[in-house]
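A short write-up of the structure that comes next.
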There are 2 protein chains.
Amino acid sequence: MAEEQKIPYKIYLTEDEMPKAWYNLRADMKVKPAPLLNPGTGQPLTAEELTPIFCEELVKQELDNDTPFIEIPQEIRDFYKMFRPSPLVRAYCLEEKLQTPAKIYYKFEGNNTSGSHKLNSAIAQAYYAKKQGLKGVTTETGAGQWGTALSMACAYLGLDCKVYMVKVSYEQKPFRREVMRTYGASVVPSPSETTEVGRKILAEFPGTTGSLGCAISEAVEVATKNPGYRYVLGSVLNQVLLHQSVIGLETKIALDKYGIKPDIIIGCAGGGSNLGGLIAPFMGQKLRGEADYRIIAVEPASCPSFTRGTFAYDFCDTGMICPLAKMYTLGSSFIPSANHAGGLRFHGMSSTLSQLYHDGYMEATSVEQTDVFEAAEFFARTEGILPAPESSHAIRAAINEANKCKETGEEKTIVFGLTGTGYFDLVAYQKYNDGEMSDYIPTDEEIAASVAKLPKVNA
Amino acid sequence: MAEEQKIPYKIYLTEDEMPKAWYNLRADMKVKPAPLLNPGTGQPLTAEELTPIFCEELVKQELDNDTPFIEIPQEIRDFYKMFRPSPLVRAYCLEEKLQTPAKIYYKFEGNNTSGSHKLNSAIAQAYYAKKQGLKGVTTETGAGQWGTALSMACAYLGLDCKVYMVKVSYEQKPFRREVMRTYGASVVPSPSETTEVGRKILAEFPGTTGSLGCAISEAVEVATKNPGYRYVLGSVLNQVLLHQSVIGLETKIALDKYGIKPDIIIGCAGGGSNLGGLIAPFMGQKLRGEADYRIIAVEPASCPSFTRGTFAYDFCDTGMICPLAKMYTLGSSFIPSANHAGGLRFHGMSSTLSQLYHDGYMEATSVEQTDVFEAAEFFARTEGILPAPESSHAIRAAINEANKCKETGEEKTIVFGLTGTGYFDLVAYQKYNDGEMSDYIPTDEEIAASVAKLPKVNA
């Protein structure tokens with residue numbers, strides 16, 4: 001107990017202790033993630049095919065399965081210093097409220113204006129675009145976390161930023177839109193008249209409120225048709241997991257500083273950017289046989305790619321225009337129930353994480369929406385942070401594990417990722433507060449129907 | 001330059017370095033702030049008169065003009081550790097963008113779910129209520145920062161929290177309301193049918209959208225009529241400035257750690273809670289003749305209590321039911337223009353700060369709304385934090401001072417208070433982004449008209 005008191009509520013690294021290189025998990029994987037395929041030819045995509053879409057340096061990072069450490073450029077490290085190191089928090093209050101012998105820590109990524117970990121990769125992608133002499137970048141955004149992070153990074157570097165925001169979000173989340181505009185981004189509701197694909201969709205479905213798939217198509221079209229522009233993406237890709245490794249690296253340095261060895265590491269999983277970043281150095285140890293950890297991916301029961309999906313090649317977007325990735329997928333035509341409010345709506349999963357899960361290096365579990373919001377509210381009242389619904393999936397799983405420790409008396413050390421704040425999710429909180437939130441679990445038939453439409457390359 | 005590099009972007013104190021006592025500025029004032037008066041008798045309010053409204057310990061703190069340091073109870077210090085120490089940020093990026101030789105620091109109080117410094121006093125007031133064995137507390141809230149902070153503190157301590165929220169805010173800021181509900185507070189739109197005064201106002205003005213004065217009246221009525229309840233307030237009072245001194249104390253410890261002596265200290269001023277807290281230890285040195293600083297209060301040109309108000313006894317509320325305080329005031333019937341979006345709408349000012357200003361220990365300046373939002377946007381894009389409009393008044397003044405240094409070549413050290421984030425002020429940002437924001441400066445006649453209605457006790 002006396003020893004325990006030495007661990008502060010929040011462990012902050014000094015600037016000197018912050019990581020100077022990202023860690024590329026793929027370098028330590030015996031079985032590498034399967035390559036992206038050209039949907040037309042079914043052949044692995046080459047650097048040449050990717051450079052019209054992505055920045056050159058990012059294409060290199062995307063395809064690099066071998067270099068374990070990639071230096072973080074000084075300019076990015078300076079930007080990181082504005083909002084990093086993020087605190088590793090010892091959840092003393094939560095432990096006491098749960099009356100658990102478990103020791104709980106969380107890495108909190110929400111203390112920046114974008115409200116989430118997305119900024120870690122946004123600044124990296126914007127930096128390489130700037131370095132390449134580009135004028136700007138294009139992207140899509142759904143709820144707006146990624147778009148906000150990217151507009152912050154572009155404002156800092158003086159880069160043009162065009163965000164295609166799913167029309168229904170554009171209208172229902174005007175505040176997210178205004179943050180992006182304040183950071184100088186041009187935010188276009190998608191589908192729009194500004195692109196060929198947008199005009200085509202509007203002609204076909206005049207009243208459509210848009211989709212992420214359509215927004216991606218528009219953003220990619222603008223990037224490839226306008227000289228000096230490239231397209232950037234906030235999750236799923238290998239490069240994004242690489243940049244997000246800063247989360248896990250900081251976590252590990254902080255734990256090592258106090259001689260703490262975690263037993264269980266938990267992260268929520270949508271496309272995998274947060275989870276992949278948080279677990280990176282721990283998974284590296286596991287892959288090299290230096291240490292063992294239970295690593296748990298938590299996904300919503302309404303969009304259960306890991307736990308009920310198929311490991312196969314699939315499109316990354318519902319519009320079926322993006323490269324094919326081998327991943328755990330529910331099928332790119334799978335649409336989570338409209339009543340699902342908690343983010344993590346992606347039908348697939350990072351190829352890297354999918355391969356690791358397939359090879360037995362991590363577990364996955366799914367949690368239901370009302371349980372997630374119950375945990376979120378409990379956490380907010382106990383730890384004083386209003387969590388994002390996405391992050392609250394990890395909170396739910398961490399509380400479940402802590403409760404198991406209470407039963408068994410085991411003093412396990414649990415670390416989870418708290419990816420962001422819930423400031424822009426208050427419509428969902430209101431639904432929960434009003435008792436109007438419900439659960440939805442897709443039937444086997446629903447999943448089978450969309451999985452049946454997987455591309456033929458799998459055959 | 002080499003020496004400069006040693007100062008990190010963010011200075012965090014360790015938990016051991018955090019203040020263990022609040023500093024009571026009044027103890028060092030030669031001329032004490034004038035006492036609160038009973039509006040009925042015109043006589044100074046006694047502890048006996050105040051205890052039906054406020055907790056006993058808080059009444060003591062309110063009336064204590066002599067004790068320089070008051071210990072922060074361990075429970076409050078533990079709560080502080082969940083969101084404090086707050087960072088003292090070196091604004092390297094801002095300095096570079098401004099090309100100023102000035103060195104700029106800001107103390108950022110926005111990294112907690114309430115989004116502002118209000119939580120520093122909310123937990124203290126809730127703690128003393130709990131300690132006294134009370135069931136709960138009541139309060140009013142306008143924009144919702146204070147109500148949110150109080151609901152967080154009450155949730156943590158298991159105390160009932162009733163918030164009377166000005167009806168127009170209740171309807172226009174549903175997200176603020178939902179955060180409070182998530183923290184278990186009952187939020188009532190004011191005026192309401194739940195109080196005598198509310199029913200009376202509703203009968204008289206059926207369509208009213210409420211006012212802060214009316215919400216105060218309702219909150220006080222509920223506190224005094226229900227056994228086990230007391231009323232709490234988020235600004236203006238001496239006790240609030242006492243609790244907020246934690247901001248200034250942390251700032252001073254952080255500066256001392258690196259041997260930095262500020263030349264100019266800047267804070268925004270509405271009721272005075274942030275400014276009074278930030279400047280406390282520096283003003284103490286000044287009062288004791290140990291050091292000299294330029295201390296600048298920044299207020300909106302549309303509600304200029306310091307710069308154009310009168311130093312006299314006045315009601316703290318527009319409803320004219322609260323005690324009389326001697327302060328710089330525009331008259332309790334003064335209503336800032338509806339086009340004023342930037343907070344700091346209070347007609348008066350903390351008695352303590354008013355006395356110090358009257359005695360020449362600090363300066364005051366006023367800034368116009370569009371200039372404030374221009375500074376806010378510039379700051380957001382440069383330093384990566386979306387600031388609250390209130391805080392942006394201080395940003396504006398700090399930039400102005402830094403620009404003067406650029407002209408003169410002086411390497412002054414400027415410290416300002418960044419009280420909070422602008423997440424819940426995006427309606428105002430939208431107005432600014434759309435070019436629809438304008439300025440309003442009250443005429444001399446308008447101010448004279450409300451000052452003419454000051455209570456007779458001044459005669």
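Each chain in the structure tokens gets a letter, A, B, ..., in the order shown, and its residues are numbered from 1; ligands are numbered from 1 in order too.
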>> Can you tell me which residues surround Gly277 in chain B at a distance of at most 12 Å, considering only C-alpha atoms, apart from same-chain residues fewer than 2 positions away, and format the answer as a VMD selection string?
In response: chain B and resid 22 to 25 107 109 117 to 118 120 to 121 235 to 252 265 to 269 271 to 275 279 to 284 350 352 to 353 416 to 417 419
>> Need the shell around Ile123 in chain A: protein/DNA/RNA residues with any atom at most 8 Å away, counting only C-alpha atoms. Skip same-chain ones fewer than 4 positions apart. Format as a ChimeraX atom specification?
In response: /A:76,79,119,127,149-150,153-154
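All chain B residues having an atom within 6 Å of chain A, based on only C-alpha atoms, amount to Asn111, Thr113, Ala155, Tyr156, Phe175, Glu178, Tyr183, Arg381, Thr382, Ile385, Leu386, Leu426 and Gln430 of chain B.
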>> Using only C-alpha atoms for the distances, tell me which of B:Leu37, B:Val232, B:Cys214, B:Ala375 is nearest to Val59 in chain B.
In response: B:Val232
